[in-house]
Every structure is written in C-alpha cells, then in structure tokens.
>>> print(open('entry.txt').read())   # compact mmCIF, N, CA, C and O atoms
# COMPACT_ATOMS: atom_id res chain seq x y z
N MET A 1 0.85 -1.19 0.00
CA MET A 1 0.00 0.00 0.00
C MET A 1 0.88 1.24 0.00
O MET A 1 1.85 1.31 0.74
N THR A 2 0.55 2.18 -0.86
CA THR A 2 1.33 3.42 -0.91
C THR A 2 0.60 4.52 -0.18
O THR A 2 -0.63 4.53 -0.08
N THR A 3 1.39 5.46 0.28
CA THR A 3 0.81 6.60 0.99
C THR A 3 0.35 7.64 -0.04
O THR A 3 0.74 7.60 -1.21
N TRP A 4 -0.42 8.58 0.44
CA TRP A 4 -0.86 9.65 -0.44
C TRP A 4 0.34 10.43 -0.97
O TRP A 4 0.35 10.87 -2.11
N ARG A 5 1.35 10.58 -0.13
CA ARG A 5 2.55 11.33 -0.52
C ARG A 5 3.31 10.60 -1.64
O ARG A 5 3.75 11.23 -2.61
N GLU A 6 3.42 9.31 -1.54
CA GLU A 6 4.10 8.53 -2.59
C GLU A 6 3.32 8.61 -3.90
O GLU A 6 3.93 8.76 -4.97
N ARG A 7 2.01 8.54 -3.81
CA ARG A 7 1.18 8.65 -5.02
C ARG A 7 1.31 10.04 -5.64
O ARG A 7 1.40 10.19 -6.86
N HIS A 8 1.32 11.06 -4.77
CA HIS A 8 1.50 12.42 -5.25
C HIS A 8 2.84 12.57 -5.95
O HIS A 8 2.91 13.10 -7.06
N ASP A 9 3.90 12.12 -5.33
CA ASP A 9 5.23 12.25 -5.92
C ASP A 9 5.35 11.49 -7.24
O ASP A 9 5.97 11.97 -8.19
N ALA A 10 4.73 10.34 -7.33
CA ALA A 10 4.73 9.57 -8.57
C ALA A 10 3.98 10.34 -9.67
O ALA A 10 4.41 10.37 -10.82
N ALA A 11 2.87 10.95 -9.30
CA ALA A 11 2.10 11.73 -10.27
C ALA A 11 2.89 12.94 -10.75
O ALA A 11 2.86 13.29 -11.94
N VAL A 12 3.61 13.59 -9.86
CA VAL A 12 4.44 14.73 -10.24
C VAL A 12 5.51 14.29 -11.23
O VAL A 12 5.76 14.97 -12.24
N ARG A 13 6.13 13.15 -10.98
CA ARG A 13 7.15 12.64 -11.90
C ARG A 13 6.55 12.37 -13.28
O ARG A 13 7.14 12.68 -14.31
N LYS A 14 5.34 11.82 -13.31
CA LYS A 14 4.66 11.55 -14.58
C LYS A 14 4.35 12.85 -15.32
O LYS A 14 4.52 12.94 -16.53
N GLN A 15 3.91 13.87 -14.57
CA GLN A 15 3.62 15.16 -15.19
C GLN A 15 4.88 15.77 -15.79
O GLN A 15 4.85 16.29 -16.90
N GLU A 16 5.98 15.71 -15.05
CA GLU A 16 7.24 16.27 -15.54
C GLU A 16 7.70 15.55 -16.80
O GLU A 16 8.16 16.18 -17.75
N ALA A 17 7.57 14.23 -16.82
CA ALA A 17 7.95 13.45 -18.01
C ALA A 17 7.06 13.81 -19.20
O ALA A 17 7.55 13.95 -20.33
N ALA A 18 5.77 13.98 -18.95
CA ALA A 18 4.85 14.34 -20.02
C ALA A 18 5.16 15.74 -20.56
O ALA A 18 5.13 15.96 -21.78
N GLN A 19 5.46 16.68 -19.68
CA GLN A 19 5.80 18.03 -20.11
C GLN A 19 7.09 18.03 -20.93
O GLN A 19 7.19 18.74 -21.94
N GLN A 20 8.07 17.23 -20.53
CA GLN A 20 9.31 17.13 -21.28
C GLN A 20 9.05 16.54 -22.66
O GLN A 20 9.57 17.02 -23.66
N ALA A 21 8.24 15.50 -22.72
CA ALA A 21 7.89 14.89 -24.00
C ALA A 21 7.17 15.89 -24.90
O ALA A 21 7.43 15.95 -26.11
N PHE A 22 6.29 16.70 -24.33
CA PHE A 22 5.57 17.72 -25.09
C PHE A 22 6.54 18.76 -25.65
O PHE A 22 6.45 19.14 -26.82
N ARG A 23 7.50 19.21 -24.83
CA ARG A 23 8.48 20.18 -25.29
C ARG A 23 9.31 19.61 -26.44
O ARG A 23 9.55 20.29 -27.45
N GLU A 24 9.74 18.37 -26.31
CA GLU A 24 10.53 17.74 -27.37
C GLU A 24 9.72 17.59 -28.65
O GLU A 24 10.23 17.86 -29.75
N ALA A 25 8.47 17.17 -28.53
CA ALA A 25 7.61 17.02 -29.71
C ALA A 25 7.35 18.38 -30.37
O ALA A 25 7.32 18.48 -31.60
N SER A 26 7.21 19.42 -29.58
CA SER A 26 7.00 20.76 -30.12
C SER A 26 8.21 21.22 -30.92
O SER A 26 8.08 21.80 -32.00
N ASP A 27 9.40 20.95 -30.40
CA ASP A 27 10.63 21.29 -31.11
C ASP A 27 10.75 20.50 -32.41
O ASP A 27 11.11 21.05 -33.45
N GLU A 28 10.43 19.23 -32.36
CA GLU A 28 10.49 18.39 -33.56
C GLU A 28 9.49 18.86 -34.61
O GLU A 28 9.81 18.90 -35.80
N ARG A 29 8.30 19.24 -34.17
CA ARG A 29 7.28 19.75 -35.08
C ARG A 29 7.75 21.05 -35.73
O ARG A 29 7.63 21.22 -36.95
N ALA A 30 8.29 21.95 -34.93
CA ALA A 30 8.77 23.23 -35.47
C ALA A 30 9.88 23.00 -36.49
O ALA A 30 9.90 23.64 -37.55
N GLN A 31 10.80 22.10 -36.20
CA GLN A 31 11.87 21.82 -37.15
C GLN A 31 11.30 21.24 -38.44
O GLN A 31 11.74 21.58 -39.54
N ALA A 32 10.31 20.38 -38.33
CA ALA A 32 9.67 19.82 -39.52
C ALA A 32 8.99 20.93 -40.33
O ALA A 32 9.03 20.93 -41.57
N LEU A 33 8.36 21.89 -39.64
CA LEU A 33 7.73 23.00 -40.34
C LEU A 33 8.77 23.86 -41.05
O LEU A 33 8.54 24.32 -42.17
N ILE A 34 9.91 24.08 -40.42
CA ILE A 34 11.00 24.83 -41.05
C ILE A 34 11.47 24.09 -42.30
O ILE A 34 11.67 24.70 -43.37
N ASP A 35 11.63 22.78 -42.19
CA ASP A 35 12.04 21.98 -43.34
C ASP A 35 10.99 22.05 -44.45
O ASP A 35 11.34 22.14 -45.64
N GLY A 36 9.73 22.02 -44.07
CA GLY A 36 8.65 22.14 -45.04
C GLY A 36 8.66 23.49 -45.74
O GLY A 36 8.43 23.58 -46.96
N GLU A 37 8.94 24.52 -44.97
CA GLU A 37 9.03 25.86 -45.55
C GLU A 37 10.15 25.92 -46.59
O GLU A 37 9.98 26.48 -47.68
N GLU A 38 11.28 25.32 -46.26
CA GLU A 38 12.40 25.29 -47.22
C GLU A 38 12.03 24.50 -48.48
O GLU A 38 12.36 24.90 -49.59
N GLU A 39 11.35 23.39 -48.29
CA GLU A 39 10.97 22.53 -49.42
C GLU A 39 9.89 23.16 -50.29
O GLU A 39 9.97 23.12 -51.53
N LEU A 40 8.86 23.72 -49.65
CA LEU A 40 7.71 24.24 -50.39
C LEU A 40 7.83 25.71 -50.75
O LEU A 40 7.07 26.21 -51.57
N GLY A 41 8.74 26.42 -50.11
CA GLY A 41 8.99 27.81 -50.47
C GLY A 41 8.35 28.86 -49.60
O GLY A 41 8.73 30.03 -49.66
N SER A 42 7.38 28.50 -48.78
CA SER A 42 6.76 29.51 -47.91
C SER A 42 5.98 28.84 -46.78
O SER A 42 5.61 27.67 -46.88
N GLN A 43 5.74 29.63 -45.74
CA GLN A 43 4.91 29.14 -44.65
C GLN A 43 3.47 28.95 -45.12
O GLN A 43 2.78 28.02 -44.67
N SER A 44 3.03 29.79 -46.02
CA SER A 44 1.67 29.66 -46.55
C SER A 44 1.49 28.33 -47.28
O SER A 44 0.44 27.68 -47.14
N ALA A 45 2.49 27.92 -48.03
CA ALA A 45 2.41 26.64 -48.75
C ALA A 45 2.35 25.48 -47.76
O ALA A 45 1.61 24.52 -47.97
N VAL A 46 3.12 25.57 -46.69
CA VAL A 46 3.11 24.53 -45.66
C VAL A 46 1.72 24.48 -45.01
O VAL A 46 1.15 23.41 -44.83
N ALA A 47 1.18 25.65 -44.70
CA ALA A 47 -0.14 25.72 -44.07
C ALA A 47 -1.21 25.10 -44.98
O ALA A 47 -2.06 24.34 -44.51
N ARG A 48 -1.16 25.43 -46.27
CA ARG A 48 -2.13 24.86 -47.21
C ARG A 48 -2.00 23.33 -47.26
O ARG A 48 -2.98 22.61 -47.26
N GLU A 49 -0.77 22.86 -47.30
CA GLU A 49 -0.51 21.41 -47.38
C GLU A 49 -1.07 20.69 -46.15
O GLU A 49 -1.60 19.60 -46.25
N LEU A 50 -0.92 21.32 -44.98
CA LEU A 50 -1.37 20.70 -43.73
C LEU A 50 -2.82 21.02 -43.38
O LEU A 50 -3.38 20.40 -42.47
N GLY A 51 -3.39 22.00 -44.06
CA GLY A 51 -4.77 22.38 -43.76
C GLY A 51 -4.90 23.15 -42.46
O GLY A 51 -5.90 23.00 -41.74
N VAL A 52 -3.89 23.96 -42.15
CA VAL A 52 -3.91 24.78 -40.94
C VAL A 52 -3.64 26.23 -41.33
O VAL A 52 -3.37 26.53 -42.49
N THR A 53 -3.69 27.13 -40.35
CA THR A 53 -3.44 28.54 -40.65
C THR A 53 -1.94 28.82 -40.72
O THR A 53 -1.14 28.19 -40.05
N ARG A 54 -1.60 29.82 -41.53
CA ARG A 54 -0.21 30.24 -41.63
C ARG A 54 0.24 30.84 -40.30
O ARG A 54 1.39 30.68 -39.90
N ALA A 55 -0.67 31.49 -39.60
CA ALA A 55 -0.32 32.10 -38.31
C ALA A 55 0.15 31.03 -37.32
O ALA A 55 1.11 31.25 -36.57
N GLY A 56 -0.50 29.88 -37.32
CA GLY A 56 -0.09 28.79 -36.43
C GLY A 56 1.30 28.28 -36.77
O GLY A 56 2.10 27.98 -35.89
N ILE A 57 1.57 28.18 -38.07
CA ILE A 57 2.90 27.76 -38.53
C ILE A 57 3.94 28.77 -38.06
O ILE A 57 4.98 28.41 -37.50
N SER A 58 3.64 30.03 -38.28
CA SER A 58 4.57 31.10 -37.92
C SER A 58 4.84 31.13 -36.42
O SER A 58 5.99 31.27 -35.99
N ARG A 59 3.80 30.98 -35.62
CA ARG A 59 3.98 30.98 -34.16
C ARG A 59 4.89 29.85 -33.71
O ARG A 59 5.78 30.04 -32.88
N ALA A 60 4.67 28.67 -34.26
CA ALA A 60 5.48 27.50 -33.87
C ALA A 60 6.95 27.71 -34.25
O ALA A 60 7.85 27.46 -33.45
N ILE A 61 7.18 28.21 -35.46
CA ILE A 61 8.55 28.42 -35.92
C ILE A 61 9.22 29.53 -35.12
O ILE A 61 10.37 29.38 -34.68
N ASN A 62 8.51 30.63 -34.91
CA ASN A 62 9.11 31.75 -34.17
C ASN A 62 9.43 31.38 -32.73
O ASN A 62 10.47 31.77 -32.20
N ALA A 63 8.55 30.63 -32.08
CA ALA A 63 8.81 30.21 -30.70
C ALA A 63 10.04 29.31 -30.64
O ALA A 63 10.87 29.44 -29.73
N PHE A 64 10.18 28.42 -31.62
CA PHE A 64 11.33 27.52 -31.67
C PHE A 64 12.62 28.30 -31.89
O PHE A 64 13.61 28.09 -31.19
N LYS A 65 12.59 29.25 -32.84
CA LYS A 65 13.80 30.04 -33.13
C LYS A 65 14.18 30.89 -31.92
O LYS A 65 15.36 31.04 -31.61
N LYS A 66 13.19 31.47 -31.25
CA LYS A 66 13.46 32.30 -30.07
C LYS A 66 14.07 31.45 -28.96
O LYS A 66 15.00 31.89 -28.29
N LYS A 67 13.58 30.23 -28.80
CA LYS A 67 14.09 29.33 -27.77
C LYS A 67 15.54 28.96 -28.05
O LYS A 67 16.34 28.84 -27.12
N ARG A 68 15.88 28.78 -29.31
CA ARG A 68 17.23 28.39 -29.69
C ARG A 68 18.22 29.54 -29.62
O ARG A 68 19.42 29.32 -29.53
N ALA A 69 17.73 30.78 -29.69
CA ALA A 69 18.61 31.96 -29.72
C ALA A 69 19.25 32.24 -28.38
O ALA A 69 18.95 31.79 -27.37
>>> encode(input="entry.txt", output="structure tokens")
Amino acid sequence: MTTWRERHDAAVRKQEAAQQAFREASDERAQALIDGEEELGSQSAVARELGVTRAGISRAINAFKKKRA
C-alpha cells in the first residue's frame, strides 16, 4: 500500500515526463515546419498542405527560433 505522498510524488514525476515529451515534440514539429518551408517555399504553402493557418505555422517556428537563440 502506498501513501498519499508517494502517489502524489509519482504523479508529479509523470507530469514532468509528459511536459518534457511535449516540449521535445513541439521542437520536432517546429523543425519539420521549417524543413517544409524550405521545401515548399513559404509558410503559406506549408499551411495549405497541412490544412492549418499560416499564423499557427509562424507561431510555432518563431517560438522555436526564439528558444534556440
């Protein structure tokens, strides 16, 4: 039987792992969008290909570049 504290600490570890996985996936997505922009010629072309807004593409790329700077 585990205590409430042990369960809490285990849940915190799971949350931290999930947040780290989310950050890594976000970086991978942004890099893929950058690669798509290079291949297709523009963020608008990438957005059309994916069926999303250009603003969303731009936000993801800009956040990634700012993080790397």
>>> residues_around(input="entry.txt", residues="Lys65 (chain A)", least_positions_apart="4", cutoff="10 Å", atoms="only C-alpha atoms", output="mmCIF file with N, CA, C and O atoms, keeping the file's coordinate frame")
data_model
loop_
_atom_site.group_PDB
_atom_site.id
_atom_site.type_symbol
_atom_site.label_atom_id
_atom_site.label_comp_id
_atom_site.auth_asym_id
_atom_site.auth_seq_id
_atom_site.Cartn_x
_atom_site.Cartn_y
_atom_site.Cartn_z
ATOM 1 N N ASP A 27 9.400 20.950 -30.400
ATOM 2 C CA ASP A 27 10.630 21.290 -31.110
ATOM 3 C C ASP A 27 10.750 20.500 -32.410
ATOM 4 O O ASP A 27 11.110 21.050 -33.450
ATOM 5 N N ALA A 30 8.290 21.950 -34.930
ATOM 6 C CA ALA A 30 8.770 23.230 -35.470
ATOM 7 C C ALA A 30 9.880 23.000 -36.490
ATOM 8 O O ALA A 30 9.900 23.640 -37.550
ATOM 9 N N GLN A 31 10.800 22.100 -36.200
ATOM 10 C CA GLN A 31 11.870 21.820 -37.150
ATOM 11 C C GLN A 31 11.300 21.240 -38.440
ATOM 12 O O GLN A 31 11.740 21.580 -39.540
ATOM 13 N N ILE A 34 9.910 24.080 -40.420
ATOM 14 C CA ILE A 34 11.000 24.830 -41.050
ATOM 15 C C ILE A 34 11.470 24.090 -42.300
ATOM 16 O O ILE A 34 11.670 24.700 -43.370
ATOM 17 N N ARG A 59 3.800 30.980 -35.620
ATOM 18 C CA ARG A 59 3.980 30.980 -34.160
ATOM 19 C C ARG A 59 4.890 29.850 -33.710
ATOM 20 O O ARG A 59 5.780 30.040 -32.880
ATOM 21 N N ALA A 60 4.670 28.670 -34.260
ATOM 22 C CA ALA A 60 5.480 27.500 -33.870
ATOM 23 C C ALA A 60 6.950 27.710 -34.250
ATOM 24 O O ALA A 60 7.850 27.460 -33.450
ATOM 25 N N ILE A 61 7.180 28.210 -35.460
ATOM 26 C CA ILE A 61 8.550 28.420 -35.920
ATOM 27 C C ILE A 61 9.220 29.530 -35.120
ATOM 28 O O ILE A 61 10.370 29.380 -34.680
ATOM 29 N N ALA A 69 17.730 30.780 -29.690
ATOM 30 C CA ALA A 69 18.610 31.960 -29.720
ATOM 31 C C ALA A 69 19.250 32.240 -28.380
ATOM 32 O O ALA A 69 18.950 31.790 -27.370
#
>>> residues_around(input="entry.txt", residues="Leu33 (chain A)", least_positions_apart="3", cutoff="7 Å", atoms="all atoms listed in the file", output="ChimeraX atom specification")
/A:27-30,36-39,42-43,46,57,61
>>> atom_distance(input="entry.txt", atom1="atom O of Asp35 (chain A)", atom2="CA of Arg48 (chain A)")
13.8 Å
>>> atom_distance(input="entry.txt", atom1="atom C of Gln20 (chain A)", atom2="atom O of Ser44 (chain A)")
28.2 Å
>>> atom_distance(input="entry.txt", atom1="atom N of Arg7 (chain A)", atom2="atom C of Gln19 (chain A)")
20.2 Å
>>> decode(input="entry.txt", residues="region 21-42 of chain A", atoms="N, CA, C and O atoms", output="PDB file, in the first residue's frame")
ATOM      1  N   ALA A  21       8.237  15.501 -22.718  1.00  0.00           N
ATOM      2  CA  ALA A  21       7.894  14.885 -24.003  1.00  0.00           C
ATOM      3  C   ALA A  21       7.167  15.890 -24.902  1.00  0.00           C
ATOM      4  O   ALA A  21       7.426  15.947 -26.111  1.00  0.00           O
ATOM      5  N   PHE A  22       6.286  16.701 -24.329  1.00  0.00           N
ATOM      6  CA  PHE A  22       5.570  17.718 -25.087  1.00  0.00           C
ATOM      7  C   PHE A  22       6.538  18.758 -25.650  1.00  0.00           C
ATOM      8  O   PHE A  22       6.446  19.143 -26.816  1.00  0.00           O
ATOM      9  N   ARG A  23       7.496  19.205 -24.828  1.00  0.00           N
ATOM     10  CA  ARG A  23       8.482  20.184 -25.295  1.00  0.00           C
ATOM     11  C   ARG A  23       9.309  19.612 -26.444  1.00  0.00           C
ATOM     12  O   ARG A  23       9.552  20.292 -27.452  1.00  0.00           O
ATOM     13  N   GLU A  24       9.737  18.373 -26.312  1.00  0.00           N
ATOM     14  CA  GLU A  24      10.527  17.737 -27.367  1.00  0.00           C
ATOM     15  C   GLU A  24       9.720  17.592 -28.653  1.00  0.00           C
ATOM     16  O   GLU A  24      10.230  17.863 -29.748  1.00  0.00           O
ATOM     17  N   ALA A  25       8.470  17.174 -28.529  1.00  0.00           N
ATOM     18  CA  ALA A  25       7.613  17.022 -29.705  1.00  0.00           C
ATOM     19  C   ALA A  25       7.355  18.378 -30.368  1.00  0.00           C
ATOM     20  O   ALA A  25       7.321  18.476 -31.601  1.00  0.00           O
ATOM     21  N   SER A  26       7.206  19.424 -29.577  1.00  0.00           N
ATOM     22  CA  SER A  26       6.996  20.764 -30.124  1.00  0.00           C
ATOM     23  C   SER A  26       8.207  21.218 -30.919  1.00  0.00           C
ATOM     24  O   SER A  26       8.079  21.804 -32.003  1.00  0.00           O
ATOM     25  N   ASP A  27       9.397  20.948 -30.395  1.00  0.00           N
ATOM     26  CA  ASP A  27      10.628  21.292 -31.109  1.00  0.00           C
ATOM     27  C   ASP A  27      10.745  20.499 -32.409  1.00  0.00           C
ATOM     28  O   ASP A  27      11.112  21.052 -33.447  1.00  0.00           O
ATOM     29  N   GLU A  28      10.427  19.227 -32.361  1.00  0.00           N
ATOM     30  CA  GLU A  28      10.494  18.386 -33.560  1.00  0.00           C
ATOM     31  C   GLU A  28       9.493  18.862 -34.610  1.00  0.00           C
ATOM     32  O   GLU A  28       9.808  18.899 -35.805  1.00  0.00           O
ATOM     33  N   ARG A  29       8.305  19.241 -34.166  1.00  0.00           N
ATOM     34  CA  ARG A  29       7.283  19.752 -35.083  1.00  0.00           C
ATOM     35  C   ARG A  29       7.748  21.046 -35.728  1.00  0.00           C
ATOM     36  O   ARG A  29       7.631  21.224 -36.950  1.00  0.00           O
ATOM     37  N   ALA A  30       8.290  21.951 -34.928  1.00  0.00           N
ATOM     38  CA  ALA A  30       8.767  23.229 -35.469  1.00  0.00           C
ATOM     39  C   ALA A  30       9.880  23.002 -36.485  1.00  0.00           C
ATOM     40  O   ALA A  30       9.897  23.642 -37.546  1.00  0.00           O
ATOM     41  N   GLN A  31      10.796  22.098 -36.201  1.00  0.00           N
ATOM     42  CA  GLN A  31      11.868  21.824 -37.151  1.00  0.00           C
ATOM     43  C   GLN A  31      11.304  21.236 -38.441  1.00  0.00           C
ATOM     44  O   GLN A  31      11.743  21.585 -39.536  1.00  0.00           O
ATOM     45  N   ALA A  32      10.310  20.377 -38.333  1.00  0.00           N
ATOM     46  CA  ALA A  32       9.667  19.823 -39.521  1.00  0.00           C
ATOM     47  C   ALA A  32       8.987  20.934 -40.327  1.00  0.00           C
ATOM     48  O   ALA A  32       9.026  20.926 -41.568  1.00  0.00           O
ATOM     49  N   LEU A  33       8.365  21.885 -39.641  1.00  0.00           N
ATOM     50  CA  LEU A  33       7.730  23.002 -40.337  1.00  0.00           C
ATOM     51  C   LEU A  33       8.765  23.862 -41.048  1.00  0.00           C
ATOM     52  O   LEU A  33       8.539  24.321 -42.174  1.00  0.00           O
ATOM     53  N   ILE A  34       9.905  24.077 -40.420  1.00  0.00           N
ATOM     54  CA  ILE A  34      10.999  24.833 -41.052  1.00  0.00           C
ATOM     55  C   ILE A  34      11.469  24.092 -42.303  1.00  0.00           C
ATOM     56  O   ILE A  34      11.674  24.698 -43.368  1.00  0.00           O
ATOM     57  N   ASP A  35      11.632  22.783 -42.189  1.00  0.00           N
ATOM     58  CA  ASP A  35      12.042  21.979 -43.339  1.00  0.00           C
ATOM     59  C   ASP A  35      10.993  22.049 -44.445  1.00  0.00           C
ATOM     60  O   ASP A  35      11.336  22.140 -45.636  1.00  0.00           O
ATOM     61  N   GLY A  36       9.726  22.018 -44.066  1.00  0.00           N
ATOM     62  CA  GLY A  36       8.649  22.140 -45.042  1.00  0.00           C
ATOM     63  C   GLY A  36       8.661  23.488 -45.738  1.00  0.00           C
ATOM     64  O   GLY A  36       8.428  23.576 -46.956  1.00  0.00           O
ATOM     65  N   GLU A  37       8.945  24.525 -44.966  1.00  0.00           N
ATOM     66  CA  GLU A  37       9.026  25.862 -45.551  1.00  0.00           C
ATOM     67  C   GLU A  37      10.146  25.921 -46.588  1.00  0.00           C
ATOM     68  O   GLU A  37       9.978  26.484 -47.678  1.00  0.00           O
ATOM     69  N   GLU A  38      11.285  25.315 -46.265  1.00  0.00           N
ATOM     70  CA  GLU A  38      12.401  25.293 -47.216  1.00  0.00           C
ATOM     71  C   GLU A  38      12.027  24.500 -48.475  1.00  0.00           C
ATOM     72  O   GLU A  38      12.356  24.900 -49.588  1.00  0.00           O
ATOM     73  N   GLU A  39      11.345  23.392 -48.292  1.00  0.00           N
ATOM     74  CA  GLU A  39      10.974  22.533 -49.420  1.00  0.00           C
ATOM     75  C   GLU A  39       9.890  23.155 -50.292  1.00  0.00           C
ATOM     76  O   GLU A  39       9.966  23.121 -51.526  1.00  0.00           O
ATOM     77  N   LEU A  40       8.863  23.721 -49.650  1.00  0.00           N
ATOM     78  CA  LEU A  40       7.711  24.238 -50.391  1.00  0.00           C
ATOM     79  C   LEU A  40       7.829  25.714 -50.751  1.00  0.00           C
ATOM     80  O   LEU A  40       7.068  26.205 -51.575  1.00  0.00           O
ATOM     81  N   GLY A  41       8.738  26.421 -50.109  1.00  0.00           N
ATOM     82  CA  GLY A  41       8.990  27.807 -50.473  1.00  0.00           C
ATOM     83  C   GLY A  41       8.352  28.862 -49.595  1.00  0.00           C
ATOM     84  O   GLY A  41       8.734  30.029 -49.664  1.00  0.00           O
ATOM     85  N   SER A  42       7.378  28.505 -48.777  1.00  0.00           N
ATOM     86  CA  SER A  42       6.757  29.507 -47.908  1.00  0.00           C
ATOM     87  C   SER A  42       5.980  28.840 -46.783  1.00  0.00           C
ATOM     88  O   SER A  42       5.607  27.672 -46.880  1.00  0.00           O
TER      89      SER A  42
END
